[in-house]
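File shown here: run.cif, holding mmCIF, C-alpha atoms.
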```
data_my_file
#
loop_
_atom_site.label_atom_id
_atom_site.label_comp_id
_atom_site.auth_asym_id
_atom_site.auth_seq_id
_atom_site.Cartn_x
_atom_site.Cartn_y
_atom_site.Cartn_z
CA MET A 1 0.00 0.00 0.00
CA GLN A 2 1.49 3.35 -1.01
CA ASP A 3 2.24 6.11 1.47
CA CYS A 4 -0.10 9.09 1.56
CA ALA A 5 0.82 12.06 -0.57
CA VAL A 6 3.48 14.32 0.91
CA GLY A 7 2.19 17.75 1.82
CA SER A 8 -1.44 16.73 2.13
CA PRO A 9 -3.00 17.86 5.43
CA ALA A 10 -5.70 15.23 5.02
CA SER A 11 -3.13 12.50 4.43
CA ALA A 12 -0.93 13.50 7.35
CA ALA A 13 -3.87 13.58 9.72
CA ALA A 14 -5.14 10.25 8.42
CA GLU A 15 -1.78 8.60 9.06
CA ALA A 16 -1.69 10.05 12.56
CA GLY A 17 -5.23 8.86 13.26
CA GLU A 18 -6.40 12.42 13.83
CA PRO A 19 -9.77 13.87 12.75
CA VAL A 20 -9.68 15.18 9.19
CA GLU A 21 -11.48 18.27 7.96
CA LEU A 22 -12.01 18.99 4.26
CA ASP A 23 -11.79 22.54 2.98
CA GLU A 24 -14.27 24.01 0.51
CA LEU A 25 -12.21 23.08 -2.55
CA ASP A 26 -11.93 19.46 -1.42
CA ARG A 27 -15.70 19.29 -0.95
CA ALA A 28 -16.33 20.97 -4.30
CA VAL A 29 -14.11 18.46 -6.10
CA VAL A 30 -15.97 15.56 -4.46
CA HIS A 31 -19.36 17.10 -5.29
CA ALA A 32 -18.32 17.51 -8.93
CA LEU A 33 -17.29 13.84 -9.12
CA GLN A 34 -20.49 12.75 -7.39
CA ILE A 35 -22.31 14.26 -10.37
CA HIS A 36 -19.86 13.08 -13.06
CA PRO A 37 -17.42 10.48 -11.63
CA ARG A 38 -15.18 10.45 -14.71
CA ALA A 39 -15.34 14.17 -15.42
CA PRO A 40 -12.15 15.48 -17.10
CA TRP A 41 -10.02 17.60 -14.79
CA THR A 42 -10.14 20.39 -17.37
CA LEU A 43 -13.92 20.56 -16.88
CA VAL A 44 -13.71 20.30 -13.07
CA GLY A 45 -11.08 23.02 -12.91
CA GLU A 46 -13.05 25.31 -15.22
CA VAL A 47 -16.26 24.91 -13.23
CA LEU A 48 -14.53 25.40 -9.87
CA GLY A 49 -12.37 28.27 -11.09
CA VAL A 50 -9.05 26.55 -10.31
CA ASN A 51 -6.19 25.08 -12.29
CA PRO A 52 -7.09 21.53 -13.46
CA VAL A 53 -3.80 20.31 -12.00
CA THR A 54 -4.83 21.69 -8.60
CA ALA A 55 -8.18 19.89 -8.77
CA ALA A 56 -6.45 16.63 -9.75
CA ARG A 57 -3.94 16.95 -6.91
CA ARG A 58 -6.71 17.52 -4.39
CA TRP A 59 -8.48 14.36 -5.55
CA HIS A 60 -5.24 12.38 -5.53
CA ARG A 61 -4.59 13.40 -1.91
CA LEU A 62 -8.08 12.33 -0.86
CA THR A 63 -7.77 8.93 -2.54
CA GLU A 64 -4.26 8.39 -1.19
CA ALA A 65 -5.64 8.90 2.33
CA GLY A 66 -8.58 6.57 1.66
CA LEU A 67 -11.02 9.43 2.21
CA ALA A 68 -12.79 9.40 -1.18
CA TRP A 69 -13.04 7.04 -4.14
CA VAL A 70 -14.93 6.25 -7.35
CA THR A 71 -16.43 2.80 -7.83
CA ALA A 72 -18.11 1.01 -10.74
CA TYR A 73 -20.86 -1.55 -10.17
CA PRO A 74 -23.48 -3.40 -12.27
CA ARG A 75 -26.53 -1.27 -13.08
CA LEU A 76 -28.98 -2.29 -10.35
CA SER A 77 -31.98 -1.88 -12.65
CA SER A 78 -30.59 -4.57 -14.95
CA ARG A 79 -32.85 -7.54 -15.68
CA SER A 80 -29.97 -9.88 -14.77
CA VAL A 81 -29.48 -8.50 -11.27
CA VAL A 82 -31.26 -9.64 -8.10
CA THR A 83 -30.53 -7.61 -4.96
CA ALA A 84 -31.40 -8.33 -1.35
CA VAL A 85 -30.90 -7.06 2.19
CA VAL A 86 -29.95 -9.80 4.65
CA GLU A 87 -30.31 -9.45 8.41
CA VAL A 88 -27.93 -11.64 10.40
CA ASP A 89 -28.16 -12.63 14.06
CA THR A 90 -24.89 -13.87 15.52
CA GLU A 91 -23.64 -15.54 18.65
CA PRO A 92 -22.44 -13.06 21.29
CA GLY A 93 -19.07 -11.49 20.57
CA VAL A 94 -18.56 -12.75 17.00
CA ALA A 95 -20.50 -10.21 14.90
CA GLU A 96 -17.33 -8.54 13.66
CA ASP A 97 -15.77 -11.88 12.70
CA VAL A 98 -18.93 -12.79 10.76
CA ALA A 99 -18.91 -9.40 9.03
CA ARG A 100 -15.29 -9.83 7.96
CA THR A 101 -16.02 -13.30 6.57
CA LEU A 102 -18.96 -12.01 4.54
CA ALA A 103 -16.90 -9.04 3.35
CA ALA A 104 -14.49 -11.37 1.53
CA ASP A 105 -17.27 -12.46 -0.85
CA PRO A 106 -17.75 -10.10 -3.84
CA ALA A 107 -21.49 -10.80 -3.92
CA PHE A 108 -21.84 -8.85 -0.67
CA THR A 109 -21.53 -5.18 -1.56
CA ASN A 110 -22.39 -3.53 1.77
CA ILE A 111 -21.95 -4.86 5.31
CA LYS A 112 -22.84 -3.01 8.50
CA LEU A 113 -22.45 -3.93 12.16
CA THR A 114 -25.63 -2.75 13.86
CA ALA A 115 -27.28 -2.40 17.26
CA GLY A 116 -30.92 -3.38 17.53
CA GLY A 117 -32.90 -6.32 16.25
CA ARG A 118 -30.03 -7.73 14.19
CA ASP A 119 -26.23 -7.80 14.53
CA VAL A 120 -25.27 -7.43 10.86
CA VAL A 121 -27.10 -5.94 7.89
CA ALA A 122 -25.68 -6.95 4.50
CA SER A 123 -26.63 -6.12 0.91
CA LEU A 124 -25.82 -8.48 -1.91
CA ILE A 125 -26.16 -8.85 -5.66
CA THR A 126 -26.86 -12.16 -7.43
CA ARG A 127 -28.07 -13.17 -10.89
CA SER A 128 -31.21 -15.08 -9.85
CA LEU A 129 -33.43 -15.98 -6.93
CA ASP A 130 -32.03 -19.52 -7.09
CA GLU A 131 -28.47 -18.21 -6.75
CA LEU A 132 -29.59 -15.96 -3.91
CA ALA A 133 -31.05 -18.94 -2.06
CA GLY A 134 -27.97 -21.04 -2.63
CA LEU A 135 -25.55 -18.30 -1.64
CA THR A 136 -27.30 -17.35 1.58
CA THR A 137 -27.72 -21.00 2.55
CA THR A 138 -24.22 -22.30 1.85
CA LEU A 139 -22.33 -19.20 2.92
CA PHE A 140 -24.05 -18.91 6.26
CA GLN A 141 -23.83 -22.65 6.88
CA ARG A 142 -20.05 -22.44 6.73
CA THR A 143 -19.73 -19.13 8.60
CA PRO A 144 -19.10 -19.84 12.30
CA GLY A 145 -21.17 -17.79 14.71
CA VAL A 146 -24.25 -17.23 12.54
CA ARG A 147 -27.38 -17.98 14.55
CA ALA A 148 -30.16 -16.88 12.15
CA THR A 149 -30.71 -14.91 8.95
CA ARG A 150 -33.65 -13.13 7.31
CA THR A 151 -33.49 -12.27 3.62
CA ASN A 152 -35.44 -9.31 2.23
CA VAL A 153 -35.56 -9.59 -1.58
CA SER A 154 -35.61 -6.23 -3.30
CA THR A 155 -38.34 -5.67 -5.88
CA GLY A 156 -37.34 -2.08 -6.58
CA LEU A 157 -34.69 0.49 -5.72
CA PRO A 158 -36.19 3.99 -6.07
CA THR A 159 -33.02 5.63 -4.79
CA GLU A 160 -29.53 4.50 -3.86
CA GLY A 161 -26.37 6.06 -2.50
CA SER A 162 -24.91 7.23 -5.81
CA ARG A 163 -27.58 9.94 -5.95
CA TRP A 164 -26.59 11.48 -2.60
CA ARG A 165 -24.75 14.80 -2.93
CA LEU A 166 -22.71 17.19 -0.89
CA ARG A 167 -24.02 20.73 -1.13
CA SER A 168 -20.84 22.50 -2.20
CA LEU A 169 -21.58 23.50 -5.81
CA ASP A 170 -24.22 26.04 -6.72
CA ALA A 171 -27.00 25.27 -9.20
CA ALA A 172 -25.12 26.74 -12.16
CA GLN A 173 -21.95 24.75 -11.41
CA SER A 174 -23.92 21.54 -10.95
CA ALA A 175 -25.73 22.10 -14.25
CA ARG A 176 -22.45 22.57 -16.12
CA ILE A 177 -21.08 19.29 -14.75
CA GLU A 178 -24.36 17.46 -15.49
CA ALA A 179 -24.38 18.77 -19.07
CA ALA A 180 -21.11 16.92 -19.73
CA LEU A 181 -22.44 13.52 -18.62
CA PRO A 182 -22.40 10.92 -21.42
CA PRO A 183 -25.80 9.55 -22.49
CA THR A 184 -27.19 6.41 -20.88
CA CYS A 185 -29.70 3.89 -22.11
CA ARG A 186 -31.54 0.79 -20.92
CA PRO A 187 -29.53 -2.37 -21.70
CA SER A 188 -31.03 -4.70 -24.25
CA LEU A 189 -31.45 -8.42 -23.66
CA THR A 190 -28.78 -9.04 -26.31
CA ALA A 191 -26.33 -6.72 -24.57
CA GLU A 192 -26.89 -8.34 -21.19
CA ALA A 193 -26.39 -11.81 -22.63
CA GLY A 194 -23.16 -10.69 -24.30
CA TRP A 195 -21.11 -10.14 -21.13
CA ASP A 196 -17.58 -11.44 -21.78
CA ASP A 197 -14.15 -11.73 -20.15
CA LEU A 198 -13.09 -8.21 -21.18
CA ASP A 199 -16.27 -6.73 -19.69
CA GLU A 200 -15.64 -8.62 -16.45
CA ARG A 201 -12.02 -7.47 -16.27
CA LEU A 202 -13.00 -3.85 -16.93
CA LEU A 203 -15.63 -4.04 -14.19
CA GLU A 204 -13.01 -5.41 -11.80
CA LEU A 205 -10.58 -2.60 -12.62
CA LEU A 206 -13.19 0.16 -12.53
CA SER A 207 -14.66 -1.12 -9.27
CA THR A 208 -11.17 -0.69 -7.82
CA ASP A 209 -10.56 2.72 -9.43
CA GLY A 210 -13.49 4.18 -11.32
CA ARG A 211 -11.31 6.97 -12.70
CA MET A 212 -8.60 4.70 -14.11
CA SER A 213 -7.47 6.15 -17.42
CA LEU A 214 -8.30 4.46 -20.70
CA ARG A 215 -4.60 4.03 -21.34
CA ASP A 216 -4.10 2.20 -18.03
CA LEU A 217 -7.21 0.10 -18.64
CA ALA A 218 -5.84 -0.90 -22.05
CA ALA A 219 -2.47 -1.85 -20.56
CA SER A 220 -4.08 -3.83 -17.72
CA THR A 221 -6.31 -5.80 -20.11
CA ASP A 222 -3.70 -6.16 -22.88
CA THR A 223 -6.23 -4.64 -25.26
CA SER A 224 -5.96 -1.82 -27.78
CA LEU A 225 -6.84 1.69 -26.63
CA THR A 226 -9.51 1.94 -29.33
CA THR A 227 -11.22 -1.27 -28.19
CA VAL A 228 -11.12 -0.27 -24.53
CA ARG A 229 -12.51 3.18 -25.26
CA ARG A 230 -15.40 1.72 -27.22
CA ARG A 231 -16.11 -1.00 -24.64
CA VAL A 232 -15.98 1.38 -21.64
CA GLN A 233 -18.35 3.78 -23.38
CA SER A 234 -20.75 0.93 -24.06
CA LEU A 235 -20.60 -0.43 -20.49
CA LEU A 236 -21.13 2.95 -18.85
CA ALA A 237 -23.96 3.80 -21.24
CA SER A 238 -26.04 0.74 -20.44
CA ARG A 239 -24.71 -1.82 -17.97
CA LEU A 240 -22.43 -0.19 -15.38
CA SER A 241 -22.93 2.71 -13.00
CA LEU A 242 -20.29 4.86 -11.34
CA ARG A 243 -20.41 6.54 -7.96
CA CYS A 244 -18.13 8.81 -5.98
CA ASP A 245 -18.11 8.16 -2.23
CA LEU A 246 -16.67 10.08 0.69
CA ALA A 247 -15.73 8.68 4.10
CA ARG A 248 -18.93 9.26 6.07
CA PRO A 249 -17.37 11.11 9.04
CA LEU A 250 -16.25 13.82 6.60
CA SER A 251 -19.68 14.26 5.05
CA GLY A 252 -21.19 16.14 7.98
CA TRP A 253 -23.48 13.15 8.63
CA PRO A 254 -21.35 10.90 10.87
CA LEU A 255 -24.16 8.60 12.07
CA SER A 256 -25.99 5.97 10.03
CA ALA A 257 -29.20 4.07 10.75
CA VAL A 258 -31.36 1.50 8.97
CA TYR A 259 -35.16 1.69 9.26
CA PHE A 260 -37.40 -1.28 8.48
CA ALA A 261 -40.78 0.15 7.50
CA SER A 262 -44.16 -0.79 6.08
CA VAL A 263 -46.73 1.04 3.99
CA PRO A 264 -49.93 -0.24 2.37
CA GLY A 265 -49.12 -1.83 -0.99
CA LEU A 266 -51.21 0.72 -2.87
CA HIS A 267 -48.90 3.49 -1.65
CA VAL A 268 -45.48 1.82 -1.85
CA GLU A 269 -44.36 3.51 -5.07
CA GLU A 270 -45.63 6.94 -4.00
CA THR A 271 -44.02 6.68 -0.56
CA SER A 272 -40.68 5.43 -1.90
CA ARG A 273 -40.54 8.34 -4.35
CA ALA A 274 -41.20 10.76 -1.50
CA LEU A 275 -38.42 9.15 0.55
CA SER A 276 -35.98 9.53 -2.34
CA ARG A 277 -36.38 13.31 -2.04
CA VAL A 278 -35.41 13.38 1.65
CA HIS A 279 -31.78 14.49 1.95
CA GLU A 280 -30.96 12.18 4.88
CA VAL A 281 -32.08 9.11 2.91
CA ARG A 282 -29.12 7.43 1.25
CA SER A 283 -31.04 4.51 -0.19
CA CYS A 284 -34.52 3.05 -0.13
CA ALA A 285 -35.28 -0.52 -1.20
CA ILE A 286 -38.75 -1.90 -1.82
CA THR A 287 -38.64 -5.42 -0.43
CA ALA A 288 -40.74 -8.56 -0.22
CA GLY A 289 -40.98 -9.62 3.40
CA PRO A 290 -42.38 -8.51 6.76
CA HIS A 291 -41.29 -4.96 5.90
CA ASN A 292 -41.77 -3.63 2.39
CA LEU A 293 -39.30 -0.74 2.73
CA VAL A 294 -35.71 -0.78 4.00
CA ILE A 295 -34.43 2.77 4.39
CA ASP A 296 -30.75 3.62 4.88
CA VAL A 297 -30.17 7.11 6.28
CA TRP A 298 -27.30 9.35 7.36
CA LEU A 299 -27.86 11.46 10.47
CA ARG A 300 -25.93 14.02 12.51
CA THR A 301 -26.49 12.83 16.11
CA LEU A 302 -27.95 9.91 18.04
CA HIS A 303 -30.87 12.14 19.03
CA ASP A 304 -31.77 12.35 15.33
CA VAL A 305 -32.54 8.61 15.17
CA HIS A 306 -35.94 9.20 16.77
CA ALA A 307 -36.30 12.81 15.67
CA PHE A 308 -35.95 11.75 12.04
CA GLU A 309 -38.45 8.94 12.57
CA ALA A 310 -40.92 11.45 14.01
CA HIS A 311 -40.33 13.72 11.02
CA LEU A 312 -41.07 10.88 8.61
CA SER A 313 -44.26 10.02 10.49
CA ARG A 314 -45.47 13.61 10.16
CA GLN A 315 -44.57 13.88 6.48
CA LEU A 316 -45.70 10.37 5.48
CA PRO A 317 -48.58 9.36 7.78
CA ARG A 318 -49.15 6.05 5.93
CA LEU A 319 -45.59 4.95 6.71
CA THR A 320 -45.02 2.79 9.82
CA ILE A 321 -41.48 2.30 11.13
CA ASP A 322 -41.52 -1.31 12.36
CA ASP A 323 -37.93 -1.41 13.61
CA ARG A 324 -34.69 0.48 13.44
CA SER A 325 -30.98 -0.27 13.93
CA VAL A 326 -28.14 2.16 14.54
CA VAL A 327 -25.04 1.35 12.50
CA LEU A 328 -22.09 0.80 14.83
CA ARG A 329 -19.61 0.46 12.00
CA THR A 330 -19.64 0.03 8.24
CA VAL A 331 -17.28 -2.82 7.38
CA LYS A 332 -17.80 -2.79 3.60
CA HIS A 333 -19.30 -0.18 1.31
CA MET A 334 -19.84 -0.97 -2.39
CA GLY A 335 -16.88 -3.32 -2.39
CA ARG A 336 -14.64 -1.03 -0.33
CA LEU A 337 -13.30 -2.36 2.96
CA LEU A 338 -13.39 0.40 5.56
CA ASP A 339 -11.52 0.96 8.80
CA ARG A 340 -13.14 2.15 12.01
CA ASP A 341 -12.90 5.76 10.82
CA GLY A 342 -14.66 5.03 7.53
CA ARG A 343 -11.49 5.21 5.42
CA CYS A 344 -10.96 2.83 2.53
CA ILE A 345 -8.26 0.26 3.36
CA GLY A 346 -8.91 -2.31 0.63
CA VAL A 347 -11.17 -3.48 -2.18
CA VAL A 348 -12.98 -6.69 -2.96
CA PRO A 349 -13.65 -6.03 -6.66
CA ILE A 350 -17.33 -6.28 -7.57
CA ARG A 351 -18.14 -8.96 -10.13
CA HIS A 352 -21.06 -9.02 -12.51
CA PRO A 353 -23.75 -11.47 -11.32
CA GLN A 354 -23.60 -13.29 -14.66
CA VAL A 355 -20.02 -14.31 -13.94
CA PRO A 356 -19.76 -17.17 -11.40
CA ALA A 357 -17.12 -16.86 -8.70
CA GLN A 358 -14.01 -18.95 -9.33
CA GLY A 359 -12.37 -20.61 -6.35
CA GLU A 360 -11.61 -18.70 -3.21
CA VAL A 361 -12.33 -15.00 -3.06
CA GLY A 362 -9.27 -12.76 -2.97
CA CYS A 363 -8.98 -9.23 -1.60
CA ALA A 364 -7.18 -6.68 -3.73
CA THR A 365 -5.25 -3.90 -2.09
CA ALA A 366 -6.92 -0.53 -2.53
CA PRO A 367 -5.16 2.15 -4.58
CA ARG A 368 -4.40 4.45 -1.70
#
```
For the structure just supplied, provide its representation as structure tokens.
Amino acid sequence: MQDCAVGSPASAAAEAGEPVELDELDRAVVHALQIHPRAPWTLVGEVLGVNPVTAARRWHRLTEAGLAWVTAYPRLSSRSVVTAVVEVDTEPGVAEDVARTLAADPAFTNIKLTAGGRDVVASLITRSLDELAGLTTTLFQRTPGVRATRTNVSTGLPTEGSRWRLRSLDAAQSARIEAALPPTCRPSLTAEAGWDDLDERLLELLSTDGRMSLRDLAASTDTSLTTVRRRVQSLLASRLSLRCDLARPLSGWPLSAVYFASVPGLHVEETSRALSRVHEVRSCAITAGPHNLVIDVWLRTLHDVHAFEAHLSRQLPRLTIDDRSVVLRTVKHMGRLLDRDGRCIGVVPIRHPQVPAQGEVGCATAPR
């Protein structure tokens, strides 16, 4: 793992284990990449009114310290993707060991240690309900310390974490970044069936570093630059999504909670759309199970756990919060392994659900 960049206040503080504060330019760079994760530095610099080299250096310092990163992952609206939220009850004292075991499997994208009615909350991606059943059964059977599991199959994902934004750019700046986004389209059945080894390798590389240059991607896949450019454009237009994430303690929302909620079936779509407009809501999954909504939120203080719940009850009277869990620690976030301060310390590259896992799962070192 490389040392943090020399001269970076964020990097020096991170190495010393001290609290890190981002300045306005750091936050603006992250906000720009939340909108357009592969935005050229010339565009970012122009919009922010700084030299492109300065913007690039700021981003490099953040990634070197494990404080921000860009990740690629399969488009969750794809017909070939089945997602689920799994609640895990463990034997006393082994929840963290269970979480680390699950984190080594690329099918598990997010893993949280929680307090409340479950010890671990995990999100996973598979290619079918049959694979989901097999994975949850066999994996938990061979994971010591697991006492019980409950699987909530997602039937819709109205909003997810890639849509969450810092509030550092003004409306005009945001619009200029958005205008440069490449077009996207719904993948066709033919395109989804045509996933090949090059696509899988590009996903692996981009899930490790979503801003990896085309030249580096070509070298890493032993493929021509022209082919890689065409394939990356195709993947990002229809089958892959990109997201820029920031270590949660630096976001201004240091606390996380998961709410398990119910709403009459007639109002599920309407309620989930309303939830997607609430700034604290990071993601909202419509699920089949005892609760038909699983809501992941970021909050400022422990007091806000119930204050936010009361706010939702006033705004959405049909919504009933059945249960809630405070997140003690996020162990894995979209393939990124996190330390106790929310910094990225490694990557388990995300694989496409169409590609079966081969042998034992390895853990790649994060580009720090």
The PyMOL selection byres ((chain A and resi 45-52) around 8) resolved against shown file, as a PyMOL selection string: chain A and resi 28-29+41-44+53-56+173+176-177
Resolved residues for the PyMOL selection byres ((chain A and resi 271) around 12) as a JSON list (two decimals) with C-alpha atoms, in the frame of the given file:
```
[["chain", "number", "residue", "atom", "x", "y", "z"],
["A", 158, "PRO", "CA", -36.19, 3.99, -6.07],
["A", 159, "THR", "CA", -33.02, 5.63, -4.79],
["A", 261, "ALA", "CA", -40.78, 0.15, 7.50],
["A", 262, "SER", "CA", -44.16, -0.79, 6.08],
["A", 263, "VAL", "CA", -46.73, 1.04, 3.99],
["A", 264, "PRO", "CA", -49.93, -0.24, 2.37],
["A", 265, "GLY", "CA", -49.12, -1.83, -0.99],
["A", 266, "LEU", "CA", -51.21, 0.72, -2.87],
["A", 267, "HIS", "CA", -48.90, 3.49, -1.65],
["A", 268, "VAL", "CA", -45.48, 1.82, -1.85],
["A", 269, "GLU", "CA", -44.36, 3.51, -5.07],
["A", 270, "GLU", "CA", -45.63, 6.94, -4.00],
["A", 272, "SER", "CA", -40.68, 5.43, -1.90],
["A", 273, "ARG", "CA", -40.54, 8.34, -4.35],
["A", 274, "ALA", "CA", -41.20, 10.76, -1.50],
["A", 275, "LEU", "CA", -38.42, 9.15, 0.55],
["A", 276, "SER", "CA", -35.98, 9.53, -2.34],
["A", 277, "ARG", "CA", -36.38, 13.31, -2.04],
["A", 278, "VAL", "CA", -35.41, 13.38, 1.65],
["A", 284, "CYS", "CA", -34.52, 3.05, -0.13],
["A", 285, "ALA", "CA", -35.28, -0.52, -1.20],
["A", 286, "ILE", "CA", -38.75, -1.90, -1.82],
["A", 292, "ASN", "CA", -41.77, -3.63, 2.39],
["A", 293, "LEU", "CA", -39.30, -0.74, 2.73],
["A", 295, "ILE", "CA", -34.43, 2.77, 4.39],
["A", 312, "LEU", "CA", -41.07, 10.88, 8.61],
["A", 313, "SER", "CA", -44.26, 10.02, 10.49],
["A", 315, "GLN", "CA", -44.57, 13.88, 6.48],
["A", 316, "LEU", "CA", -45.70, 10.37, 5.48],
["A", 317, "PRO", "CA", -48.58, 9.36, 7.78],
["A", 318, "ARG", "CA", -49.15, 6.05, 5.93],
["A", 319, "LEU", "CA", -45.59, 4.95, 6.71],
["A", 320, "THR", "CA", -45.02, 2.79, 9.82]]
```
I'd like to see the residues matched by the PyMOL selection byres ((chain A and resi 336) around 12) on this file, and ideally I'd get them as a JSON list (two decimals) with C-alpha atoms, keeping the file's coordinate frame.
```json
[["chain", "number", "residue", "atom", "x", "y", "z"],
["A", 66, "GLY", "CA", -8.58, 6.57, 1.66],
["A", 67, "LEU", "CA", -11.02, 9.43, 2.21],
["A", 68, "ALA", "CA", -12.79, 9.40, -1.18],
["A", 69, "TRP", "CA", -13.04, 7.04, -4.14],
["A", 70, "VAL", "CA", -14.93, 6.25, -7.35],
["A", 71, "THR", "CA", -16.43, 2.80, -7.83],
["A", 72, "ALA", "CA", -18.11, 1.01, -10.74],
["A", 73, "TYR", "CA", -20.86, -1.55, -10.17],
["A", 103, "ALA", "CA", -16.90, -9.04, 3.35],
["A", 104, "ALA", "CA", -14.49, -11.37, 1.53],
["A", 105, "ASP", "CA", -17.27, -12.46, -0.85],
["A", 106, "PRO", "CA", -17.75, -10.10, -3.84],
["A", 108, "PHE", "CA", -21.84, -8.85, -0.67],
["A", 109, "THR", "CA", -21.53, -5.18, -1.56],
["A", 110, "ASN", "CA", -22.39, -3.53, 1.77],
["A", 111, "ILE", "CA", -21.95, -4.86, 5.31],
["A", 207, "SER", "CA", -14.66, -1.12, -9.27],
["A", 208, "THR", "CA", -11.17, -0.69, -7.82],
["A", 209, "ASP", "CA", -10.56, 2.72, -9.43],
["A", 244, "CYS", "CA", -18.13, 8.81, -5.98],
["A", 245, "ASP", "CA", -18.11, 8.16, -2.23],
["A", 246, "LEU", "CA", -16.67, 10.08, 0.69],
["A", 247, "ALA", "CA", -15.73, 8.68, 4.10],
["A", 330, "THR", "CA", -19.64, 0.03, 8.24],
["A", 331, "VAL", "CA", -17.28, -2.82, 7.38],
["A", 332, "LYS", "CA", -17.80, -2.79, 3.60],
["A", 333, "HIS", "CA", -19.30, -0.18, 1.31],
["A", 334, "MET", "CA", -19.84, -0.97, -2.39],
["A", 335, "GLY", "CA", -16.88, -3.32, -2.39],
["A", 337, "LEU", "CA", -13.30, -2.36, 2.96],
["A", 338, "LEU", "CA", -13.39, 0.40, 5.56],
["A", 339, "ASP", "CA", -11.52, 0.96, 8.80],
["A", 342, "GLY", "CA", -14.66, 5.03, 7.53],
["A", 343, "ARG", "CA", -11.49, 5.21, 5.42],
["A", 344, "CYS", "CA", -10.96, 2.83, 2.53],
["A", 345, "ILE", "CA", -8.26, 0.26, 3.36],
["A", 346, "GLY", "CA", -8.91, -2.31, 0.63],
["A", 347, "VAL", "CA", -11.17, -3.48, -2.18],
["A", 348, "VAL", "CA", -12.98, -6.69, -2.96],
["A", 349, "PRO", "CA", -13.65, -6.03, -6.66],
["A", 350, "ILE", "CA", -17.33, -6.28, -7.57],
["A", 363, "CYS", "CA", -8.98, -9.23, -1.60],
["A", 364, "ALA", "CA", -7.18, -6.68, -3.73],
["A", 365, "THR", "CA", -5.25, -3.90, -2.09],
["A", 366, "ALA", "CA", -6.92, -0.53, -2.53],
["A", 367, "PRO", "CA", -5.16, 2.15, -4.58],
["A", 368, "ARG", "CA", -4.40, 4.45, -1.70]]
```
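Minimum distance to Asp199 of chain A across A:His279, A:Arg38, A:Arg351, A:Arg118 (counting all atoms listed in the file) occurs at A:Arg351.
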Pairwise distance for atom CA of Arg27 of chain A and atom CA of Arg248 of chain A, rounded to one decimal in Å: 12.7 Å
For atom CA of Leu113 of chain A and atom CA of Leu255 of chain A, the interatomic separation in Å (one decimal): 12.6 Å
Axis-aligned box for all listed atoms of segment 253-262 of chain A, 8 Å per side, centre and edges in Å to one decimal, as lines of an AutoDock Vina configuration file:
```
center_x = -32.8
center_y = 5.9
center_z = 9.1
size_x = 38.8
size_y = 30.4
size_z = 22.0
```
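Taking atom CA of Leu132 of chain A as the reference point, atom CA of Ala115 of chain A is found at 25.2 Å.
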Local residues around (-23.6, 20.6, -2.1), at most 10 Å away, using only C-alpha atoms, as a list of chain:residue names: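 In the file's frame, the residues around the point are A:Arg27, A:Ala28, A:Val30, A:His31, A:Ala32, A:Gln34, A:Trp164, A:Arg165, A:Leu166, A:Arg167, A:Ser168, A:Leu169, A:Asp170, A:Ala171, A:Ser174.
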